[in-house]
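Novice: The file below is run19.cif, mmCIF, C-alpha atoms:
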```
data_model
#
loop_
_atom_site.label_atom_id
_atom_site.label_comp_id
_atom_site.auth_asym_id
_atom_site.auth_seq_id
_atom_site.Cartn_x
_atom_site.Cartn_y
_atom_site.Cartn_z
CA MET A 1 0.00 0.00 0.00
CA LYS A 2 0.99 3.64 -0.32
CA ALA A 3 1.70 5.49 2.91
CA ILE A 4 3.19 8.79 4.03
CA GLU A 5 6.41 8.21 5.92
CA ILE A 6 8.44 10.51 8.16
CA THR A 7 11.90 10.05 6.64
CA SER A 8 13.61 12.00 9.45
CA PHE A 9 12.54 14.54 12.04
CA GLY A 10 12.22 18.01 10.55
CA GLY A 11 10.10 20.31 8.40
CA PRO A 12 7.18 19.34 6.16
CA GLU A 13 9.59 18.25 3.43
CA VAL A 14 10.53 15.11 5.43
CA LEU A 15 7.10 13.65 4.62
CA ARG A 16 7.40 11.29 1.64
CA LEU A 17 5.05 8.91 -0.15
CA GLY A 18 6.39 5.39 0.31
CA ALA A 19 5.29 1.76 0.22
CA ARG A 20 4.41 -0.39 3.23
CA PRO A 21 2.85 -3.82 3.70
CA VAL A 22 -0.92 -3.75 4.22
CA PRO A 23 -1.47 -4.14 7.98
CA VAL A 24 -3.32 -7.21 9.26
CA PRO A 25 -6.13 -6.71 11.77
CA GLY A 26 -6.00 -8.76 14.95
CA VAL A 27 -8.63 -9.79 17.46
CA GLY A 28 -11.02 -6.91 18.09
CA GLU A 29 -9.75 -4.95 15.10
CA LEU A 30 -10.80 -4.18 11.54
CA LEU A 31 -9.03 -3.02 8.39
CA ILE A 32 -10.23 0.15 6.68
CA ARG A 33 -9.62 0.96 3.03
CA VAL A 34 -8.95 4.64 3.61
CA SER A 35 -10.54 7.36 1.50
CA ALA A 36 -9.54 10.33 3.63
CA SER A 37 -7.17 11.05 6.53
CA GLY A 38 -7.51 13.97 8.93
CA VAL A 39 -4.47 16.16 9.61
CA ASN A 40 -3.96 17.24 13.22
CA ARG A 41 -1.44 19.19 15.30
CA PRO A 42 -0.09 15.99 16.94
CA ASP A 43 0.94 14.80 13.46
CA VAL A 44 3.11 17.90 13.14
CA LEU A 45 4.61 17.29 16.57
CA GLN A 46 5.37 13.67 15.64
CA ARG A 47 7.06 14.82 12.43
CA THR A 48 9.31 17.22 14.36
CA GLY A 49 10.24 14.60 16.94
CA ASN A 50 8.22 16.12 19.78
CA TYR A 51 5.47 13.53 20.13
CA PRO A 52 6.77 9.95 20.52
CA VAL A 53 4.66 7.16 19.04
CA PRO A 54 2.92 5.15 21.80
CA PRO A 55 4.21 1.58 22.26
CA GLY A 56 2.70 -0.76 19.70
CA ALA A 57 1.35 2.01 17.44
CA SER A 58 2.33 2.47 13.80
CA ASP A 59 5.11 4.94 13.06
CA ILE A 60 3.06 6.18 10.12
CA PRO A 61 1.44 9.49 11.18
CA GLY A 62 -2.30 10.08 11.20
CA LEU A 63 -4.85 9.78 14.01
CA GLU A 64 -8.18 9.74 12.15
CA VAL A 65 -9.48 8.16 8.96
CA ALA A 66 -12.64 7.46 7.02
CA GLY A 67 -13.32 4.76 4.47
CA VAL A 68 -14.77 1.29 4.00
CA ILE A 69 -14.37 -1.80 6.18
CA GLU A 70 -12.21 -4.19 4.14
CA GLN A 71 -11.91 -7.06 6.65
CA GLY A 72 -11.99 -7.73 10.36
CA ASP A 73 -12.80 -9.91 13.33
CA ALA A 74 -16.24 -11.22 12.30
CA GLN A 75 -17.59 -11.72 15.82
CA THR A 76 -16.44 -8.32 17.03
CA LEU A 77 -17.81 -6.66 13.90
CA ALA A 78 -21.19 -8.31 14.41
CA ARG A 79 -21.38 -7.25 18.07
CA ALA A 80 -20.63 -3.66 17.04
CA GLY A 81 -23.28 -3.74 14.31
CA PHE A 82 -20.75 -3.48 11.45
CA ARG A 83 -20.35 -5.50 8.27
CA ILE A 84 -17.69 -5.72 5.60
CA GLY A 85 -18.26 -2.84 3.18
CA ASP A 86 -19.72 -0.42 5.73
CA ARG A 87 -18.50 3.17 5.69
CA VAL A 88 -16.83 4.15 8.94
CA CYS A 89 -14.60 6.78 10.49
CA ALA A 90 -12.13 5.91 13.21
CA LEU A 91 -9.77 7.28 15.81
CA VAL A 92 -6.41 5.50 15.68
CA ALA A 93 -3.13 5.75 17.60
CA GLY A 94 -1.18 6.01 14.33
CA GLY A 95 -1.13 4.75 10.76
CA GLY A 96 -3.81 7.05 9.38
CA TYR A 97 -1.77 8.49 6.50
CA ALA A 98 -2.06 5.31 4.43
CA GLU A 99 -4.31 3.55 1.94
CA PHE A 100 -5.17 0.92 4.56
CA CYS A 101 -5.37 1.36 8.33
CA VAL A 102 -6.09 -1.00 11.21
CA ALA A 103 -8.39 0.29 13.95
CA PRO A 104 -9.93 -1.19 17.10
CA VAL A 105 -13.58 -1.87 16.32
CA GLY A 106 -14.64 0.07 19.42
CA GLN A 107 -12.94 3.22 18.11
CA CYS A 108 -14.91 3.15 14.85
CA LEU A 109 -18.20 4.91 14.22
CA PRO A 110 -20.53 4.87 11.22
CA VAL A 111 -20.11 7.78 8.84
CA PRO A 112 -22.97 10.14 9.75
CA LYS A 113 -25.76 10.14 7.21
CA GLY A 114 -25.25 12.74 4.50
CA LEU A 115 -21.51 13.21 5.07
CA SER A 116 -18.71 12.52 2.61
CA ASP A 117 -15.64 10.55 3.65
CA VAL A 118 -13.64 13.79 3.65
CA GLU A 119 -16.08 15.30 6.14
CA ALA A 120 -16.16 12.11 8.22
CA ALA A 121 -12.37 11.95 8.42
CA SER A 122 -12.39 15.37 10.08
CA LEU A 123 -14.51 14.17 13.01
CA PRO A 124 -12.89 11.59 15.32
CA GLU A 125 -9.80 13.33 16.73
CA THR A 126 -11.45 16.66 17.43
CA PHE A 127 -14.87 15.44 18.53
CA PHE A 128 -13.44 12.71 20.79
CA THR A 129 -11.03 15.28 22.30
CA VAL A 130 -13.65 17.97 22.89
CA TRP A 131 -16.25 15.60 24.29
CA SER A 132 -13.75 13.90 26.60
CA ASN A 133 -12.31 17.12 27.98
CA VAL A 134 -15.07 19.73 27.88
CA PHE A 135 -18.03 17.53 28.76
CA ASP A 136 -16.59 14.51 30.60
CA ARG A 137 -13.55 15.97 32.38
CA VAL A 138 -14.70 19.50 33.31
CA ARG A 139 -18.43 18.98 32.75
CA LEU A 140 -19.53 22.12 30.96
CA GLN A 141 -23.21 22.68 31.78
CA LYS A 142 -26.10 24.34 29.99
CA GLY A 143 -26.08 28.06 30.73
CA GLU A 144 -22.38 28.18 31.61
CA THR A 145 -19.79 30.16 29.65
CA LEU A 146 -16.86 28.52 27.86
CA LEU A 147 -13.70 30.32 26.75
CA ILE A 148 -11.92 28.57 23.86
CA GLN A 149 -8.31 29.52 23.15
CA GLY A 150 -7.80 29.13 19.40
CA GLY A 151 -11.39 29.15 18.23
CA SER A 152 -10.56 28.78 14.53
CA SER A 153 -8.55 25.56 14.94
CA GLY A 154 -10.02 22.14 14.28
CA ILE A 155 -10.57 21.69 18.01
CA GLY A 156 -11.93 25.22 18.27
CA VAL A 157 -14.60 24.99 15.57
CA THR A 158 -15.72 21.68 17.08
CA ALA A 159 -15.90 23.08 20.61
CA ILE A 160 -17.85 26.15 19.47
CA GLN A 161 -20.55 24.08 17.82
CA LEU A 162 -20.81 21.44 20.55
CA ALA A 163 -20.96 23.97 23.37
CA LYS A 164 -23.65 26.01 21.61
CA ALA A 165 -25.64 22.88 20.82
CA MET A 166 -25.54 21.99 24.52
CA GLY A 167 -26.85 25.43 25.55
CA SER A 168 -23.67 27.18 26.68
CA GLN A 169 -22.32 30.64 25.96
CA VAL A 170 -19.06 30.73 24.02
CA ILE A 171 -16.19 33.22 23.94
CA VAL A 172 -13.23 32.48 21.66
CA THR A 173 -9.81 33.91 20.94
CA ALA A 174 -8.32 33.95 17.44
CA GLY A 175 -5.38 35.58 15.72
CA SER A 176 -7.09 37.81 13.15
CA ASP A 177 -10.33 39.69 12.58
CA GLU A 178 -11.12 37.28 9.74
CA LYS A 179 -10.76 34.28 12.03
CA CYS A 180 -12.86 36.00 14.67
CA ALA A 181 -15.59 36.57 12.07
CA ALA A 182 -15.47 32.89 11.10
CA CYS A 183 -15.91 31.86 14.74
CA LEU A 184 -18.88 34.19 15.13
CA ALA A 185 -20.42 32.71 11.99
CA LEU A 186 -20.15 29.25 13.58
CA GLY A 187 -22.11 30.44 16.61
CA ALA A 188 -19.61 31.91 19.05
CA ASP A 189 -21.16 34.70 21.11
CA HIS A 190 -17.97 36.77 21.29
CA ALA A 191 -14.60 36.59 19.54
CA ILE A 192 -11.41 38.28 20.78
CA ASN A 193 -8.50 39.02 18.47
CA TYR A 194 -5.65 38.21 20.84
CA LYS A 195 -3.17 40.13 18.69
CA THR A 196 -5.00 43.43 19.18
CA HIS A 197 -6.74 42.92 22.54
CA ASP A 198 -5.78 41.45 25.91
CA PHE A 199 -8.04 38.42 26.32
CA GLN A 200 -8.02 38.70 30.13
CA ASP A 201 -9.35 42.26 30.02
CA GLU A 202 -11.90 41.37 27.36
CA VAL A 203 -13.21 38.34 29.24
CA LYS A 204 -13.72 40.44 32.37
CA ARG A 205 -15.51 43.09 30.30
CA LEU A 206 -17.73 40.61 28.48
CA THR A 207 -18.72 38.79 31.68
CA GLY A 208 -19.23 41.87 33.81
CA GLY A 209 -16.27 40.90 35.94
CA LYS A 210 -17.69 37.48 36.84
CA GLY A 211 -15.37 35.45 34.60
CA VAL A 212 -16.07 32.27 32.67
CA ASN A 213 -16.98 28.85 34.03
CA VAL A 214 -14.75 26.73 31.79
CA ILE A 215 -11.65 27.35 29.69
CA LEU A 216 -10.37 25.01 26.96
CA ASP A 217 -6.67 25.77 26.52
CA MET A 218 -4.25 24.58 23.83
CA VAL A 219 -1.54 27.13 24.67
CA ALA A 220 -0.51 26.72 28.35
CA GLY A 221 2.74 28.55 29.20
CA SER A 222 2.14 32.15 30.24
CA TYR A 223 -1.56 31.86 29.36
CA VAL A 224 -2.32 29.78 32.44
CA ALA A 225 -1.82 32.59 34.94
CA LYS A 226 -4.12 34.89 32.97
CA GLU A 227 -6.69 32.13 32.51
CA ILE A 228 -6.90 31.54 36.25
CA GLU A 229 -7.69 35.25 36.61
CA CYS A 230 -10.48 34.76 34.02
CA LEU A 231 -12.25 31.94 35.87
CA SER A 232 -15.37 32.49 37.94
CA GLU A 233 -15.94 30.78 41.28
CA ASP A 234 -15.82 26.97 40.89
CA GLY A 235 -14.32 27.54 37.43
CA ARG A 236 -12.49 24.78 35.55
CA LEU A 237 -9.46 25.03 33.26
CA VAL A 238 -8.59 22.07 31.04
CA ILE A 239 -5.28 22.08 29.15
CA ILE A 240 -4.99 19.82 26.11
CA ALA A 241 -1.79 21.13 24.46
CA VAL A 242 1.24 23.20 25.38
CA GLN A 243 1.98 25.26 22.28
CA GLY A 244 3.05 28.17 24.49
CA GLY A 245 5.36 26.13 26.72
CA ILE A 246 5.20 23.69 29.61
CA LYS A 247 5.97 26.04 32.51
CA SER A 248 3.51 28.41 34.17
CA GLU A 249 3.60 30.62 37.26
CA ILE A 250 0.20 31.08 38.84
CA ASN A 251 -1.56 32.77 41.73
CA ALA A 252 -2.28 29.70 43.86
CA GLY A 253 -4.33 31.81 46.24
CA LEU A 254 -7.02 32.21 43.60
CA LEU A 255 -7.31 28.43 43.34
CA LEU A 256 -8.24 28.36 47.02
CA VAL A 257 -10.47 31.41 47.21
CA ARG A 258 -12.44 30.65 44.03
CA ARG A 259 -12.34 26.82 44.39
CA LEU A 260 -10.82 26.42 40.94
CA THR A 261 -9.91 23.23 39.11
CA VAL A 262 -6.93 22.98 36.76
CA THR A 263 -6.65 19.72 34.84
CA GLY A 264 -5.39 18.35 31.54
CA SER A 265 -5.17 15.25 29.40
CA THR A 266 -3.79 13.67 26.26
CA LEU A 267 -5.92 11.23 24.27
CA ARG A 268 -3.46 9.28 22.13
CA PRO A 269 -1.91 7.07 24.85
CA ARG A 270 -5.21 6.25 26.58
CA SER A 271 -6.59 2.72 26.53
CA ILE A 272 -8.86 1.28 23.87
CA ALA A 273 -11.59 0.88 26.51
CA PHE A 274 -11.35 4.59 27.37
CA LYS A 275 -11.59 5.62 23.71
CA GLU A 276 -14.44 3.19 23.09
CA ALA A 277 -16.42 4.85 25.88
CA ILE A 278 -15.88 8.25 24.25
CA ALA A 279 -16.94 6.80 20.90
CA GLN A 280 -20.20 5.57 22.37
CA ALA A 281 -20.84 8.92 24.04
CA CYS A 282 -20.27 10.70 20.73
CA LEU A 283 -22.53 8.25 18.89
CA LYS A 284 -25.30 8.89 21.39
CA ASN A 285 -24.93 12.62 21.96
CA VAL A 286 -23.15 14.10 18.94
CA TRP A 287 -23.92 12.00 15.86
CA PRO A 288 -27.66 12.90 15.94
CA LEU A 289 -26.71 16.59 15.97
CA ILE A 290 -24.44 16.10 12.95
CA GLU A 291 -27.06 14.10 11.06
CA GLY A 292 -29.67 16.72 11.94
CA GLY A 293 -27.46 19.49 10.53
CA SER A 294 -27.06 21.52 13.72
CA ILE A 295 -23.35 20.66 13.80
CA LYS A 296 -21.36 20.64 10.58
CA PRO A 297 -17.79 19.60 9.76
CA VAL A 298 -15.65 22.62 8.91
CA ILE A 299 -13.17 21.70 6.17
CA HIS A 300 -10.66 24.38 5.25
CA SER A 301 -8.61 22.47 2.65
CA THR A 302 -8.09 19.04 1.15
CA PHE A 303 -4.84 17.76 -0.33
CA ALA A 304 -3.98 14.63 -2.27
CA ALA A 305 -2.13 12.34 0.15
CA ALA A 306 1.08 12.73 -1.86
CA ASP A 307 0.96 16.43 -0.97
CA ALA A 308 0.99 15.82 2.79
CA ALA A 309 3.96 18.18 3.09
CA LYS A 310 1.81 21.02 1.75
CA ALA A 311 -0.93 20.15 4.24
CA HIS A 312 1.55 20.32 7.12
CA ALA A 313 2.97 23.61 5.87
CA LEU A 314 -0.55 25.07 5.87
CA MET A 315 -1.19 23.84 9.40
CA GLU A 316 2.05 25.37 10.65
CA SER A 317 1.19 28.68 8.96
CA ASN A 318 -1.92 28.93 11.18
CA GLN A 319 -3.83 30.42 8.24
CA HIS A 320 -6.56 27.78 8.23
CA VAL A 321 -10.02 27.79 9.81
CA GLY A 322 -11.21 24.28 10.63
CA LYS A 323 -9.79 20.99 9.43
CA ILE A 324 -7.24 19.93 6.81
CA VAL A 325 -7.81 16.53 5.17
CA LEU A 326 -5.74 14.24 2.93
CA THR A 327 -7.49 12.21 0.24
CA TRP A 328 -6.69 8.79 -1.20
CA GLY A 329 -8.49 8.47 -4.52
CA VAL A 330 -12.19 9.31 -4.59
CA ALA A 331 -13.75 10.32 -1.26
#
```
Re-express the file's structure as structure tokens.
Specialist:
Amino acid sequence: MKAIEITSFGGPEVLRLGARPVPVPGVGELLIRVSASGVNRPDVLQRTGNYPVPPGASDIPGLEVAGVIEQGDAQTLARAGFRIGDRVCALVAGGGYAEFCVAPVGQCLPVPKGLSDVEAASLPETFFTVWSNVFDRVRLQKGETLLIQGGSSGIGVTAIQLAKAMGSQVIVTAGSDEKCAACLALGADHAINYKTHDFQDEVKRLTGGKGVNVILDMVAGSYVAKEIECLSEDGRLVIIAVQGGIKSEINAGLLLVRRLTVTGSTLRPRSIAFKEAIAQACLKNVWPLIEGGSIKPVIHSTFAAADAAKAHALMESNQHVGKIVLTWGVA
């Protein structure tokens, strides 16, 4: 099969189209003939040598795919309600940038009715991540206010739509007026251009000094101290990436006085059972919203798989709004 390989750690140019054996599914797994592969920030980190592959995972990058079930464990497929030939999308621990990809059956979901494979491939990584962190870990509630750092990213556009669908207010930050406008068009209540405004001051202004209930942070670093200042009483901060650095200096007194929670997580190394539980929660709570049209995939660009380097260069430019997807043939 054709696959995108990381020939050495470095810039986008180290991604090359190569040939690999077709993987063989084991017990509890299935093989997908891939039509489309989602591109995510962890793929970039893996390419630069900053995100080690979990033990047992493929060294081929790619954490989400969509396509057709080619083969698999018949009993497990039947229990999950799948058959050979069904269209599915899947979250994987690696191997997504390839014509064929093995996935645990429990981490696969049917392609939502009405969606193309390109749209479906944009779903698993971001929707699993947002659901797990915003709704399971810090339990955003109806009527609460969520601040999303990086509202125009793949995670951001997902979080905006999910939070609004669940009845929450949404404030986002983004790096240009154009990106802010895109976030507002997706349903965000307020958008802050962090290059021209201080988000801490703006959050206080927009909330009448009360602060927000939940913050979804992909920056960390120096942002954490300011985010703690932005939280209301019993507020929760969840960190899912550290693009701004791993060290933060905070006012611990505010944690005590306001009863704040600071937490974080990474999804890739978690167990299959953990990811299967998220998949079932998304199938129950999110898939009907997608099929009903109240939540829509946001695709910024698609690239032929052979042009994966161009896709990574676009992601690193931060000029995109929504997801970037690679295609293998017709999708």
Novice: Please return as number ranges by chain every residue within 12 Å of (-13.0, 15.8, 32.0), taking into account all atoms listed in the file and the file's own coordinates.
Specialist: A: 128-140, 214-216, 236-240, 261-267, 278
Novice: Using the chain letters and numbering of this document, enumerate as JSON, numbers by chain the residues selected by the PyMOL selection byres ((chain A and resi 169) around 9).
Specialist: {"A": [142, 143, 144, 145, 146, 147, 163, 164, 167, 168, 170, 171, 188, 189, 190]}
Novice: Restrict the calculation to only C-alpha atoms, then for each residue of segment 234-325 of chain A with any atom at most 12 Å from an atom of segment 86-104 of chain A give the closest atom pair and their distance in Å to one decimal, rows by chain and rising residue number, as JSON lines.
Specialist:
```
{"residue": "A:Thr266", "atom": "CA", "partner": "A:Ala93", "partner_atom": "CA", "distance": 11.8}
{"residue": "A:Leu267", "atom": "CA", "partner": "A:Ala93", "partner_atom": "CA", "distance": 9.1}
{"residue": "A:Arg268", "atom": "CA", "partner": "A:Ala93", "partner_atom": "CA", "distance": 5.8}
{"residue": "A:Pro269", "atom": "CA", "partner": "A:Ala93", "partner_atom": "CA", "distance": 7.5}
{"residue": "A:Arg270", "atom": "CA", "partner": "A:Ala93", "partner_atom": "CA", "distance": 9.2}
{"residue": "A:Ser271", "atom": "CA", "partner": "A:Ala93", "partner_atom": "CA", "distance": 10.0}
{"residue": "A:Ile272", "atom": "CA", "partner": "A:Pro104", "partner_atom": "CA", "distance": 7.3}
{"residue": "A:Ala273", "atom": "CA", "partner": "A:Pro104", "partner_atom": "CA", "distance": 9.8}
{"residue": "A:Phe274", "atom": "CA", "partner": "A:Pro104", "partner_atom": "CA", "distance": 11.9}
{"residue": "A:Lys275", "atom": "CA", "partner": "A:Leu91", "partner_atom": "CA", "distance": 8.3}
{"residue": "A:Glu276", "atom": "CA", "partner": "A:Pro104", "partner_atom": "CA", "distance": 8.7}
{"residue": "A:Ile278", "atom": "CA", "partner": "A:Leu91", "partner_atom": "CA", "distance": 10.5}
{"residue": "A:Ala279", "atom": "CA", "partner": "A:Leu91", "partner_atom": "CA", "distance": 8.8}
{"residue": "A:Leu283", "atom": "CA", "partner": "A:Cys89", "partner_atom": "CA", "distance": 11.6}
{"residue": "A:Trp287", "atom": "CA", "partner": "A:Cys89", "partner_atom": "CA", "distance": 12.0}
{"residue": "A:Phe303", "atom": "CA", "partner": "A:Tyr97", "partner_atom": "CA", "distance": 11.9}
{"residue": "A:Ala304", "atom": "CA", "partner": "A:Tyr97", "partner_atom": "CA", "distance": 10.9}
{"residue": "A:Ala305", "atom": "CA", "partner": "A:Tyr97", "partner_atom": "CA", "distance": 7.4}
{"residue": "A:Ala306", "atom": "CA", "partner": "A:Tyr97", "partner_atom": "CA", "distance": 9.8}
{"residue": "A:Asp307", "atom": "CA", "partner": "A:Tyr97", "partner_atom": "CA", "distance": 11.2}
{"residue": "A:Ala308", "atom": "CA", "partner": "A:Tyr97", "partner_atom": "CA", "distance": 8.7}
{"residue": "A:Ala309", "atom": "CA", "partner": "A:Tyr97", "partner_atom": "CA", "distance": 11.8}
{"residue": "A:Ala311", "atom": "CA", "partner": "A:Tyr97", "partner_atom": "CA", "distance": 11.9}
{"residue": "A:Val325", "atom": "CA", "partner": "A:Tyr97", "partner_atom": "CA", "distance": 10.1}
```
Novice: Applied to this file, what does the PyMOL selection byres ((chain A and resi 191) around 9) return in terms of residues, put as a list in words?
Specialist: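 So the PyMOL selection byres ((chain A and resi 191) around 9), applied here, picks out Gly151, Val170, Ile171, Val172, Thr173, Ala174, Asp177, Lys179, Cys180, Ala181, Cys183, Leu184, Ala188, Asp189, His190, Ile192 and Asn193 of chain A.
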Novice: Determine the nearest neighbour of Asp73 of chain A from the options A:Pro54, A:Asp117, A:Gly49, A:Val24, counting all atoms listed in the file.
Specialist: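 Ranking A:Pro54, A:Asp117, A:Gly49, A:Val24 by distance to Asp73 of chain A, first place goes to A:Val24.
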Novice: Point out the residue among A:Gly67, A:Pro42, A:Gly245, A:Gly18 with the least atom-to-atom distance to Thr327 of chain A, counting all atoms listed in the file.
Specialist: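 Of A:Gly67, A:Pro42, A:Gly245, A:Gly18, the one nearest Thr327 of chain A is A:Gly67, counting all atoms listed in the file.
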